[in-house]
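Asker: mmCIF, C-alpha atoms, file input-v6.cif:
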```cif
data_my_file
loop_
_atom_site.label_atom_id
_atom_site.label_comp_id
_atom_site.auth_asym_id
_atom_site.auth_seq_id
_atom_site.Cartn_x
_atom_site.Cartn_y
_atom_site.Cartn_z
CA MET A 1 13.34 1.63 17.05
CA ASP A 2 16.58 1.85 15.16
CA ARG A 3 16.86 2.18 11.39
CA GLU A 4 17.06 -1.56 10.68
CA GLN A 5 14.07 -2.34 12.92
CA SER A 6 11.98 0.34 11.20
CA ILE A 7 12.85 -0.99 7.74
CA ALA A 8 12.10 -4.53 8.91
CA LEU A 9 8.65 -3.41 10.16
CA ILE A 10 7.79 -1.76 6.85
CA GLN A 11 8.98 -4.80 4.90
CA GLU A 12 6.97 -7.09 7.19
CA ILE A 13 3.83 -5.05 6.50
CA TYR A 14 4.26 -5.42 2.73
CA GLU A 15 5.06 -9.13 3.14
CA ALA A 16 1.77 -9.51 5.03
CA PHE A 17 0.04 -7.79 2.08
CA ASN A 18 1.65 -10.28 -0.31
CA ARG A 19 0.57 -13.24 1.86
CA ARG A 20 -2.95 -11.73 2.11
CA ASP A 21 -2.52 -11.99 5.89
CA MET A 22 -4.82 -9.22 7.05
CA ASP A 23 -4.84 -10.53 10.64
CA LYS A 24 -1.09 -9.81 10.83
CA LEU A 25 -1.86 -6.12 10.29
CA ASP A 26 -3.53 -6.04 13.70
CA GLU A 27 -0.11 -6.89 15.18
CA LEU A 28 1.88 -4.48 13.00
CA PHE A 29 -0.44 -1.45 13.11
CA ASP A 30 -1.28 0.61 16.17
CA PRO A 31 -5.00 0.53 17.08
CA ALA A 32 -5.06 4.30 16.45
CA TYR A 33 -3.59 3.88 12.92
CA GLU A 34 -4.56 6.58 10.41
CA ASP A 35 -4.05 6.41 6.67
CA HIS A 36 -3.97 9.66 4.72
CA SER A 37 -3.30 8.15 1.28
CA VAL A 38 -4.70 10.12 -1.63
CA GLY A 39 -6.35 8.65 -4.70
CA THR A 40 -8.33 5.93 -2.92
CA PRO A 41 -12.12 5.65 -2.93
CA LEU A 42 -12.02 6.13 0.86
CA PRO A 43 -12.49 9.33 2.85
CA ILE A 44 -9.27 10.54 4.45
CA PRO A 45 -8.13 9.63 7.04
CA PHE A 46 -9.14 5.98 7.21
CA ASP A 47 -8.32 3.30 9.75
CA ARG A 48 -6.74 -0.15 9.49
CA GLN A 49 -10.10 -1.89 8.96
CA ALA A 50 -10.76 0.35 5.96
CA LEU A 51 -7.22 -0.34 4.74
CA LYS A 52 -7.96 -4.07 4.86
CA GLY A 53 -11.05 -3.47 2.70
CA LEU A 54 -9.03 -1.39 0.24
CA LEU A 55 -6.39 -4.10 -0.01
CA GLN A 56 -9.10 -6.73 -0.56
CA MET A 57 -10.38 -4.65 -3.48
CA TYR A 58 -6.90 -4.80 -5.06
CA PHE A 59 -6.55 -8.53 -4.29
CA THR A 60 -9.87 -9.18 -6.06
CA ALA A 61 -8.92 -7.06 -9.07
CA PHE A 62 -5.32 -8.36 -9.22
CA PRO A 63 -5.28 -11.85 -7.65
CA ASP A 64 -1.60 -12.26 -8.49
CA CYS A 65 -0.59 -8.79 -7.28
CA LYS A 66 2.67 -8.30 -5.49
CA PHE A 67 3.85 -5.30 -3.51
CA THR A 68 7.52 -4.37 -3.17
CA VAL A 69 9.27 -1.61 -1.24
CA SER A 70 12.65 0.04 -1.72
CA ASP A 71 14.75 3.18 -1.20
CA PHE A 72 14.13 3.85 2.48
CA THR A 73 14.87 7.16 4.15
CA LEU A 74 14.46 7.35 7.91
CA GLU A 75 14.70 10.07 10.50
CA GLY A 76 13.58 9.42 14.04
CA ASP A 77 10.13 7.83 14.05
CA LYS A 78 9.42 8.88 10.44
CA ALA A 79 10.19 6.91 7.28
CA ALA A 80 9.80 7.40 3.53
CA TRP A 81 10.01 4.73 0.83
CA ARG A 82 9.03 3.81 -2.70
CA ASP A 83 6.42 1.14 -3.23
CA ARG A 84 5.34 -0.78 -6.27
CA LEU A 85 2.38 -2.93 -7.27
CA THR A 86 2.57 -5.47 -10.08
CA GLY A 87 -0.17 -7.83 -11.19
CA THR A 88 -2.70 -8.89 -13.80
CA HIS A 89 -6.14 -7.27 -13.92
CA GLN A 90 -8.39 -10.32 -13.57
CA GLY A 91 -11.31 -8.90 -11.57
CA GLU A 92 -13.40 -5.76 -11.29
CA LEU A 93 -11.66 -2.65 -9.99
CA MET A 94 -13.92 0.26 -9.00
CA GLY A 95 -16.40 -0.61 -11.74
CA ILE A 96 -13.75 -1.38 -14.36
CA PRO A 97 -14.24 -4.94 -15.65
CA ALA A 98 -11.22 -7.24 -15.88
CA THR A 99 -8.99 -6.43 -18.85
CA GLY A 100 -6.40 -9.20 -18.52
CA ARG A 101 -3.68 -6.55 -18.73
CA SER A 102 -0.52 -6.57 -16.65
CA VAL A 103 0.23 -3.50 -14.55
CA ASP A 104 3.36 -2.13 -12.93
CA VAL A 105 2.56 0.93 -10.84
CA SER A 106 4.71 2.84 -8.36
CA GLY A 107 4.05 5.16 -5.48
CA MET A 108 5.74 7.15 -2.74
CA SER A 109 4.93 6.59 0.91
CA MET A 110 5.73 8.20 4.22
CA GLY A 111 4.91 6.77 7.59
CA GLU A 112 5.28 7.18 11.29
CA ILE A 113 6.19 4.42 13.73
CA ARG A 114 5.30 4.51 17.41
CA ASN A 115 6.12 1.84 19.96
CA GLY A 116 7.21 -0.56 17.22
CA LYS A 117 3.97 -0.26 15.22
CA ALA A 118 2.78 1.70 12.21
CA ILE A 119 0.67 4.62 13.46
CA ARG A 120 0.34 6.86 10.38
CA HIS A 121 0.75 6.53 6.61
CA TYR A 122 0.69 8.96 3.70
CA SER A 123 0.88 7.76 0.11
CA VAL A 124 0.65 8.98 -3.46
CA PHE A 125 0.11 6.21 -6.00
CA ASP A 126 0.31 6.59 -9.79
CA ASN A 127 -3.41 6.09 -10.42
CA LEU A 128 -3.19 7.82 -13.82
CA GLY A 129 -0.50 5.34 -14.89
CA LEU A 130 -2.66 2.49 -13.59
CA MET A 131 -5.67 3.66 -15.61
CA GLN A 132 -3.48 4.07 -18.72
CA GLN A 133 -2.07 0.57 -18.31
CA LEU A 134 -5.62 -0.78 -17.98
CA GLY A 135 -6.59 1.05 -21.18
CA VAL A 136 -9.25 3.13 -19.42
CA ILE A 137 -7.44 6.42 -20.15
CA PRO A 138 -5.33 6.81 -23.29
CA ALA A 139 -1.62 7.27 -22.84
CA PRO A 140 -0.10 10.48 -24.20
CA GLY A 141 0.29 10.29 -27.97
CA ALA A 142 -2.07 7.34 -28.28
#
```
Could you show the structure in this file as C-alpha coordinates?
Answerer:
Amino acid sequence: MDREQSIALIQEIYEAFNRRDMDKLDELFDPAYEDHSVGTPLPIPFDRQALKGLLQMYFTAFPDCKFTVSDFTLEGDKAAWRDRLTGTHQGELMGIPATGRSVDVSGMSMGEIRNGKAIRHYSVFDNLGLMQQLGVIPAPGA
(Lines of atoms letter the chains of each structure in order from A and count residues from 1; the text may use other names and numbers.)
(Lines give C-alpha, C1' and ligand atoms only; values in the text may rest on other atoms or scores of the structure.)
Protein backbone atom coordinates (compact mmCIF):
# COMPACT_ATOMS: atom_id res chain seq x y z
CA MET A 1 0.00 0.00 0.00
CA ASP A 2 1.17 3.51 -0.66
CA ARG A 3 1.15 6.31 1.91
CA GLU A 4 -2.31 7.63 1.04
CA GLN A 5 -3.87 4.15 1.11
CA SER A 6 -2.33 3.44 4.53
CA ILE A 7 -3.62 6.73 5.95
CA ALA A 8 -7.05 6.03 4.45
CA LEU A 9 -7.12 2.59 6.13
CA ILE A 10 -6.26 4.04 9.54
CA GLN A 11 -8.87 6.79 9.14
CA GLU A 12 -11.46 4.21 8.05
CA ILE A 13 -10.77 2.19 11.21
CA TYR A 14 -11.37 5.21 13.45
CA GLU A 15 -14.48 6.15 11.43
CA ALA A 16 -15.81 2.63 12.07
CA PHE A 17 -15.16 3.21 15.80
CA ASN A 18 -17.15 6.46 15.62
CA ARG A 19 -20.05 4.73 13.81
CA ARG A 20 -19.89 1.88 16.37
CA ASP A 21 -19.56 -0.46 13.37
CA MET A 22 -17.70 -3.35 14.94
CA ASP A 23 -18.52 -5.67 12.01
CA LYS A 24 -16.49 -3.37 9.73
CA LEU A 25 -13.40 -4.18 11.82
CA ASP A 26 -13.56 -7.75 10.52
CA GLU A 27 -12.95 -6.31 7.04
CA LEU A 28 -10.24 -3.85 8.09
CA PHE A 29 -8.26 -6.07 10.49
CA ASP A 30 -6.32 -9.18 9.56
CA PRO A 31 -7.63 -12.35 11.26
CA ALA A 32 -4.23 -12.63 12.99
CA TYR A 33 -4.48 -9.06 14.38
CA GLU A 34 -2.60 -8.44 17.63
CA ASP A 35 -2.98 -5.41 19.87
CA HIS A 36 -0.16 -4.57 22.25
CA SER A 37 -1.69 -1.41 23.73
CA VAL A 38 -0.69 -0.67 27.31
CA GLY A 39 -2.99 0.64 30.02
CA THR A 40 -6.02 -1.47 29.13
CA PRO A 41 -7.65 -4.00 31.45
CA LEU A 42 -6.76 -6.70 28.90
CA PRO A 43 -3.74 -9.02 28.86
CA ILE A 44 -1.28 -8.16 26.10
CA PRO A 45 -1.43 -9.05 23.27
CA PHE A 46 -5.16 -9.20 22.58
CA ASP A 47 -7.07 -9.94 19.40
CA ARG A 48 -9.72 -8.05 17.44
CA GLN A 49 -12.60 -9.65 19.37
CA ALA A 50 -11.09 -8.39 22.63
CA LEU A 51 -10.59 -4.98 21.00
CA LYS A 52 -14.30 -4.89 20.16
CA GLY A 53 -15.09 -5.59 23.83
CA LEU A 54 -12.71 -2.85 24.95
CA LEU A 55 -14.30 -0.37 22.55
CA GLN A 56 -17.77 -1.36 23.79
CA MET A 57 -16.62 -0.54 27.33
CA TYR A 58 -15.68 2.97 26.18
CA PHE A 59 -18.93 3.35 24.19
CA THR A 60 -20.91 2.46 27.31
CA ALA A 61 -18.94 4.85 29.52
CA PHE A 62 -18.86 7.65 26.91
CA PRO A 63 -21.91 7.20 24.63
CA ASP A 64 -21.05 10.38 22.75
CA CYS A 65 -17.34 9.58 22.41
CA LYS A 66 -15.51 10.46 19.25
CA PHE A 67 -12.10 9.32 18.10
CA THR A 68 -9.87 11.42 15.85
CA VAL A 69 -6.48 10.74 14.30
CA SER A 70 -3.77 13.09 13.03
CA ASP A 71 -0.06 13.58 12.37
CA PHE A 72 0.75 10.44 10.42
CA THR A 73 4.26 9.16 9.87
CA LEU A 74 4.70 6.18 7.56
CA GLU A 75 7.59 4.02 6.50
CA GLY A 76 6.97 0.88 4.52
CA ASP A 77 4.25 -1.20 6.19
CA LYS A 78 4.58 0.67 9.50
CA ALA A 79 2.68 3.79 10.57
CA ALA A 80 2.58 6.09 13.60
CA TRP A 81 -0.10 8.63 14.47
CA ARG A 82 -1.70 10.62 17.25
CA ASP A 83 -5.17 9.70 18.40
CA ARG A 84 -7.67 11.46 20.58
CA LEU A 85 -10.85 10.54 22.45
CA THR A 86 -13.44 13.12 23.46
CA GLY A 87 -16.73 12.47 25.19
CA THR A 88 -18.90 12.77 28.27
CA HIS A 89 -18.66 10.21 31.07
CA GLN A 90 -22.26 8.98 31.25
CA GLY A 91 -21.78 5.31 32.18
CA GLU A 92 -19.59 3.12 34.34
CA LEU A 93 -15.94 2.82 33.36
CA MET A 94 -13.96 0.04 35.06
CA GLY A 95 -15.96 0.44 38.25
CA ILE A 96 -16.00 4.25 38.15
CA PRO A 97 -19.61 5.48 38.19
CA ALA A 98 -20.69 8.12 35.68
CA THR A 99 -19.45 11.60 36.60
CA GLY A 100 -21.05 13.64 33.82
CA ARG A 101 -17.64 15.16 33.11
CA SER A 102 -16.28 15.85 29.65
CA VAL A 103 -12.94 14.32 28.71
CA ASP A 104 -10.37 15.06 26.04
CA VAL A 105 -7.59 12.48 26.10
CA SER A 106 -4.78 11.85 23.64
CA GLY A 107 -2.55 8.94 22.80
CA MET A 108 0.21 7.79 20.48
CA SER A 109 -0.21 4.77 18.25
CA MET A 110 1.94 2.67 15.96
CA GLY A 111 0.68 0.00 13.66
CA GLU A 112 1.61 -2.45 10.97
CA ILE A 113 -0.36 -3.04 7.78
CA ARG A 114 -0.19 -6.27 5.81
CA ASN A 115 -2.09 -7.02 2.62
CA GLY A 116 -4.23 -3.90 3.05
CA LYS A 117 -5.33 -4.76 6.60
CA ALA A 118 -4.27 -3.80 10.11
CA ILE A 119 -2.20 -6.66 11.54
CA ARG A 120 -0.58 -5.12 14.64
CA HIS A 121 -1.15 -2.11 16.90
CA TYR A 122 0.77 -0.54 19.78
CA SER A 123 -0.68 2.35 21.77
CA VAL A 124 -0.02 4.49 24.81
CA PHE A 125 -3.06 6.42 26.02
CA ASP A 126 -3.05 9.17 28.67
CA ASN A 127 -4.92 7.17 31.30
CA LEU A 128 -3.61 9.40 34.10
CA GLY A 129 -5.06 12.45 32.33
CA LEU A 130 -8.33 10.57 31.85
CA MET A 131 -8.55 9.73 35.56
CA GLN A 132 -7.73 13.35 36.48
CA GLN A 133 -10.42 14.67 34.14
CA LEU A 134 -12.91 12.26 35.72
CA GLY A 135 -11.91 13.52 39.18
CA VAL A 136 -10.76 10.07 40.32
CA ILE A 137 -7.13 11.23 40.77
CA PRO A 138 -6.36 14.82 41.75
CA ALA A 139 -4.54 16.96 39.23
CA PRO A 140 -1.17 18.37 40.28
CA GLY A 141 -1.61 21.33 42.60
CA ALA A 142 -5.24 20.48 43.34
Asker: For each of A:Gly141, A:Gly76, A:Gly87, A:Gly100, take the minimum atom-to-atom distance to Met1 (chain A), counting only C-alpha atoms, then give the residue where this is smallest.
Answerer: A:Gly76
Asker: Applying 10 Å and only C-alpha atoms, which residues near Asp26 (chain A) remain after dropping the ones on its own chain fewer than 4 positions away? List them as a PyMOL selection string.
Answerer: chain A and resi 21-22+30-31+33+48-49+117
Asker: Measure the distance from CA of Gly39 (chain A) to CA of Asn127 (chain A) in Å and round it to one decimal.
Answerer: 6.9 Å
Asker: Record the distance separating CA of Phe125 (chain A) and CA of Gln90 (chain A), expressed in Å with one decimal.
Answerer: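 Going from CA of Phe125 (chain A) over to CA of Gln90 (chain A) covers 20.1 Å.
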Asker: Using the chain letters and numbers from the file, give me the residues hit by the PyMOL selection byres ((chain A and resi 107) around 8), as a list in words.
Answerer: Arg82, Asp83, Arg84, Val105, Ser106, Met108, Ser109, Ser123, Val124, Phe125 and Asp126 of chain A
Asker: Could you check the closest approach to Lys66 (chain A) for each of A:Ala50, A:Leu85, A:Leu93, A:Ala32 and tell me which residue wins, using all atoms listed in the file?
Answerer: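 Selected residue with least distance to Lys66 (chain A): A:Leu85.
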Asker: Within 9 Å of Ile113 (chain A), counting all atoms listed in the file, which residues show up once you throw out same-chain ones fewer than 6 positions away? Write them as a list in words, please.
Answerer: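 Non-adjacent residues within range: Met1, Ser6, Leu9, Phe29, Asp30, Gly76, Asp77, Lys78, Ala79, Ile119 and Arg120 of chain A.
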Asker: Which neighbours of region 101-103 of chain A fall inside 9 Å, counting only C-alpha atoms, when residues of the same chain fewer than 4 positions from it are skipped, and could you give them as a PyMOL selection string?
Answerer: chain A and resi 85-90+129-130+133-135
Asker: For the atom pair CA of Leu42 (chain A) and CA of Gly111 (chain A), what is the interatomic distance in Å to one decimal place?
Answerer: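 Straight-line distance from CA of Leu42 (chain A) to CA of Gly111 (chain A) works out to 18.2 Å.
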Asker: Between A:Glu34, A:Phe67, A:Ile10, A:Thr99, which is the closest to Met131 (chain A) once you count only C-alpha atoms?
Answerer: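 Nearest candidate to Met131 (chain A) out of A:Glu34, A:Phe67, A:Ile10, A:Thr99: A:Thr99.
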Asker: Let me make sure I understand: among A:Ala142, A:Val136, A:Met110, A:Ala8, which one has the smallest atom-to-atom distance to Ala98 (chain A) if we use only C-alpha atoms?
Answerer: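 When distances to Ala98 (chain A) are compared using only C-alpha atoms, the smallest one comes from A:Val136.
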Asker: Between A:Gln56, A:Asp23, A:Pro43, A:Ala61, which residue has the minimum interatomic distance to Ile96 (chain A), considering all atoms listed in the file?
Answerer: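 Under the stated criterion, the closest residue is A:Ala61.
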Asker: Can you put N, CA and C atoms back into region 32-68 of chain A and show it as a PDB file, keeping the file's coordinate frame?
Answerer:
```pdb
ATOM      1  N   ALA A  32      -4.685   2.944  16.856  1.00  0.00           N
ATOM      2  CA  ALA A  32      -5.060   4.300  16.450  1.00  0.00           C
ATOM      3  C   ALA A  32      -4.551   4.654  15.052  1.00  0.00           C
ATOM      4  N   TYR A  33      -4.142   3.659  14.260  1.00  0.00           N
ATOM      5  CA  TYR A  33      -3.590   3.880  12.920  1.00  0.00           C
ATOM      6  C   TYR A  33      -4.502   4.765  12.072  1.00  0.00           C
ATOM      7  N   GLU A  34      -3.862   5.697  11.360  1.00  0.00           N
ATOM      8  CA  GLU A  34      -4.560   6.580  10.410  1.00  0.00           C
ATOM      9  C   GLU A  34      -3.844   6.512   9.077  1.00  0.00           C
ATOM     10  N   ASP A  35      -4.616   6.389   8.008  1.00  0.00           N
ATOM     11  CA  ASP A  35      -4.050   6.410   6.670  1.00  0.00           C
ATOM     12  C   ASP A  35      -4.563   7.645   5.953  1.00  0.00           C
ATOM     13  N   HIS A  36      -3.649   8.410   5.409  1.00  0.00           N
ATOM     14  CA  HIS A  36      -3.970   9.660   4.720  1.00  0.00           C
ATOM     15  C   HIS A  36      -3.612   9.558   3.236  1.00  0.00           C
ATOM     16  N   SER A  37      -3.668   8.362   2.682  1.00  0.00           N
ATOM     17  CA  SER A  37      -3.300   8.150   1.280  1.00  0.00           C
ATOM     18  C   SER A  37      -4.325   8.781   0.348  1.00  0.00           C
ATOM     19  N   VAL A  38      -3.826   9.471  -0.659  1.00  0.00           N
ATOM     20  CA  VAL A  38      -4.700  10.120  -1.630  1.00  0.00           C
ATOM     21  C   VAL A  38      -4.957   9.179  -2.804  1.00  0.00           C
ATOM     22  N   GLY A  39      -6.052   9.414  -3.500  1.00  0.00           N
ATOM     23  CA  GLY A  39      -6.350   8.650  -4.700  1.00  0.00           C
ATOM     24  C   GLY A  39      -7.074   7.340  -4.438  1.00  0.00           C
ATOM     25  N   THR A  40      -7.552   7.133  -3.227  1.00  0.00           N
ATOM     26  CA  THR A  40      -8.330   5.930  -2.920  1.00  0.00           C
ATOM     27  C   THR A  40      -9.803   6.310  -2.938  1.00  0.00           C
ATOM     28  N   PRO A  41     -10.694   5.322  -3.009  1.00  0.00           N
ATOM     29  CA  PRO A  41     -12.120   5.650  -2.930  1.00  0.00           C
ATOM     30  C   PRO A  41     -12.596   5.896  -1.498  1.00  0.00           C
ATOM     31  N   LEU A  42     -11.674   5.970  -0.551  1.00  0.00           N
ATOM     32  CA  LEU A  42     -12.020   6.130   0.860  1.00  0.00           C
ATOM     33  C   LEU A  42     -11.866   7.568   1.321  1.00  0.00           C
ATOM     34  N   PRO A  43     -12.708   8.003   2.264  1.00  0.00           N
ATOM     35  CA  PRO A  43     -12.490   9.330   2.850  1.00  0.00           C
ATOM     36  C   PRO A  43     -11.235   9.314   3.715  1.00  0.00           C
ATOM     37  N   ILE A  44     -10.531  10.424   3.718  1.00  0.00           N
ATOM     38  CA  ILE A  44      -9.270  10.540   4.450  1.00  0.00           C
ATOM     39  C   ILE A  44      -9.519  11.268   5.761  1.00  0.00           C
ATOM     40  N   PRO A  45      -8.932  10.830   6.874  1.00  0.00           N
ATOM     41  CA  PRO A  45      -8.130   9.630   7.040  1.00  0.00           C
ATOM     42  C   PRO A  45      -9.017   8.396   7.209  1.00  0.00           C
ATOM     43  N   PHE A  46      -8.416   7.219   6.962  1.00  0.00           N
ATOM     44  CA  PHE A  46      -9.140   5.980   7.210  1.00  0.00           C
ATOM     45  C   PHE A  46      -8.313   5.088   8.131  1.00  0.00           C
ATOM     46  N   ASP A  47      -8.981   4.137   8.762  1.00  0.00           N
ATOM     47  CA  ASP A  47      -8.320   3.300   9.750  1.00  0.00           C
ATOM     48  C   ASP A  47      -7.850   1.973   9.159  1.00  0.00           C
ATOM     49  N   ARG A  48      -7.303   1.105  10.004  1.00  0.00           N
ATOM     50  CA  ARG A  48      -6.740  -0.150   9.490  1.00  0.00           C
ATOM     51  C   ARG A  48      -7.804  -1.087   8.967  1.00  0.00           C
ATOM     52  N   GLN A  49      -9.028  -1.045   9.502  1.00  0.00           N
ATOM     53  CA  GLN A  49     -10.100  -1.890   8.960  1.00  0.00           C
ATOM     54  C   GLN A  49     -10.439  -1.457   7.534  1.00  0.00           C
ATOM     55  N   ALA A  50     -10.500  -0.152   7.305  1.00  0.00           N
ATOM     56  CA  ALA A  50     -10.760   0.350   5.960  1.00  0.00           C
ATOM     57  C   ALA A  50      -9.606   0.010   5.027  1.00  0.00           C
ATOM     58  N   LEU A  51      -8.375   0.051   5.543  1.00  0.00           N
ATOM     59  CA  LEU A  51      -7.220  -0.340   4.740  1.00  0.00           C
ATOM     60  C   LEU A  51      -7.344  -1.791   4.299  1.00  0.00           C
ATOM     61  N   LYS A  52      -7.767  -2.657   5.206  1.00  0.00           N
ATOM     62  CA  LYS A  52      -7.960  -4.070   4.860  1.00  0.00           C
ATOM     63  C   LYS A  52      -8.971  -4.213   3.723  1.00  0.00           C
ATOM     64  N   GLY A  53     -10.055  -3.440   3.774  1.00  0.00           N
ATOM     65  CA  GLY A  53     -11.050  -3.470   2.700  1.00  0.00           C
ATOM     66  C   GLY A  53     -10.480  -2.983   1.386  1.00  0.00           C
ATOM     67  N   LEU A  54      -9.676  -1.925   1.439  1.00  0.00           N
ATOM     68  CA  LEU A  54      -9.030  -1.390   0.240  1.00  0.00           C
ATOM     69  C   LEU A  54      -8.089  -2.428  -0.364  1.00  0.00           C
ATOM     70  N   LEU A  55      -7.296  -3.062   0.479  1.00  0.00           N
ATOM     71  CA  LEU A  55      -6.390  -4.100  -0.010  1.00  0.00           C
ATOM     72  C   LEU A  55      -7.172  -5.254  -0.631  1.00  0.00           C
ATOM     73  N   GLN A  56      -8.287  -5.641  -0.008  1.00  0.00           N
ATOM     74  CA  GLN A  56      -9.100  -6.730  -0.560  1.00  0.00           C
ATOM     75  C   GLN A  56      -9.619  -6.372  -1.952  1.00  0.00           C
ATOM     76  N   MET A  57      -9.943  -5.096  -2.164  1.00  0.00           N
ATOM     77  CA  MET A  57     -10.380  -4.650  -3.480  1.00  0.00           C
ATOM     78  C   MET A  57      -9.273  -4.898  -4.512  1.00  0.00           C
ATOM     79  N   TYR A  58      -8.030  -4.557  -4.148  1.00  0.00           N
ATOM     80  CA  TYR A  58      -6.900  -4.800  -5.060  1.00  0.00           C
ATOM     81  C   TYR A  58      -6.638  -6.291  -5.242  1.00  0.00           C
ATOM     82  N   PHE A  59      -6.770  -7.090  -4.173  1.00  0.00           N
ATOM     83  CA  PHE A  59      -6.550  -8.530  -4.290  1.00  0.00           C
ATOM     84  C   PHE A  59      -7.594  -9.177  -5.195  1.00  0.00           C
ATOM     85  N   THR A  60      -8.808  -8.662  -5.183  1.00  0.00           N
ATOM     86  CA  THR A  60      -9.870  -9.180  -6.060  1.00  0.00           C
ATOM     87  C   THR A  60      -9.584  -8.794  -7.510  1.00  0.00           C
ATOM     88  N   ALA A  61      -9.181  -7.546  -7.719  1.00  0.00           N
ATOM     89  CA  ALA A  61      -8.920  -7.060  -9.070  1.00  0.00           C
ATOM     90  C   ALA A  61      -7.630  -7.655  -9.650  1.00  0.00           C
ATOM     91  N   PHE A  62      -6.632  -7.856  -8.801  1.00  0.00           N
ATOM     92  CA  PHE A  62      -5.320  -8.360  -9.220  1.00  0.00           C
ATOM     93  C   PHE A  62      -4.941  -9.548  -8.329  1.00  0.00           C
ATOM     94  N   PRO A  63      -5.526 -10.719  -8.547  1.00  0.00           N
ATOM     95  CA  PRO A  63      -5.280 -11.850  -7.650  1.00  0.00           C
ATOM     96  C   PRO A  63      -3.808 -12.238  -7.522  1.00  0.00           C
ATOM     97  N   ASP A  64      -3.020 -11.923  -8.529  1.00  0.00           N
ATOM     98  CA  ASP A  64      -1.600 -12.260  -8.490  1.00  0.00           C
ATOM     99  C   ASP A  64      -0.727 -11.058  -8.086  1.00  0.00           C
ATOM    100  N   CYS A  65      -1.350 -10.015  -7.550  1.00  0.00           N
ATOM    101  CA  CYS A  65      -0.590  -8.790  -7.280  1.00  0.00           C
ATOM    102  C   CYS A  65       0.497  -9.032  -6.240  1.00  0.00           C
ATOM    103  N   LYS A  66       1.547  -8.254  -6.415  1.00  0.00           N
ATOM    104  CA  LYS A  66       2.670  -8.300  -5.490  1.00  0.00           C
ATOM    105  C   LYS A  66       3.105  -6.871  -5.207  1.00  0.00           C
ATOM    106  N   PHE A  67       3.348  -6.597  -3.940  1.00  0.00           N
ATOM    107  CA  PHE A  67       3.850  -5.300  -3.510  1.00  0.00           C
ATOM    108  C   PHE A  67       5.337  -5.437  -3.191  1.00  0.00           C
ATOM    109  N   THR A  68       6.113  -4.426  -3.561  1.00  0.00           N
ATOM    110  CA  THR A  68       7.520  -4.370  -3.170  1.00  0.00           C
ATOM    111  C   THR A  68       7.819  -2.976  -2.639  1.00  0.00           C
TER     112      THR A  68
END
```
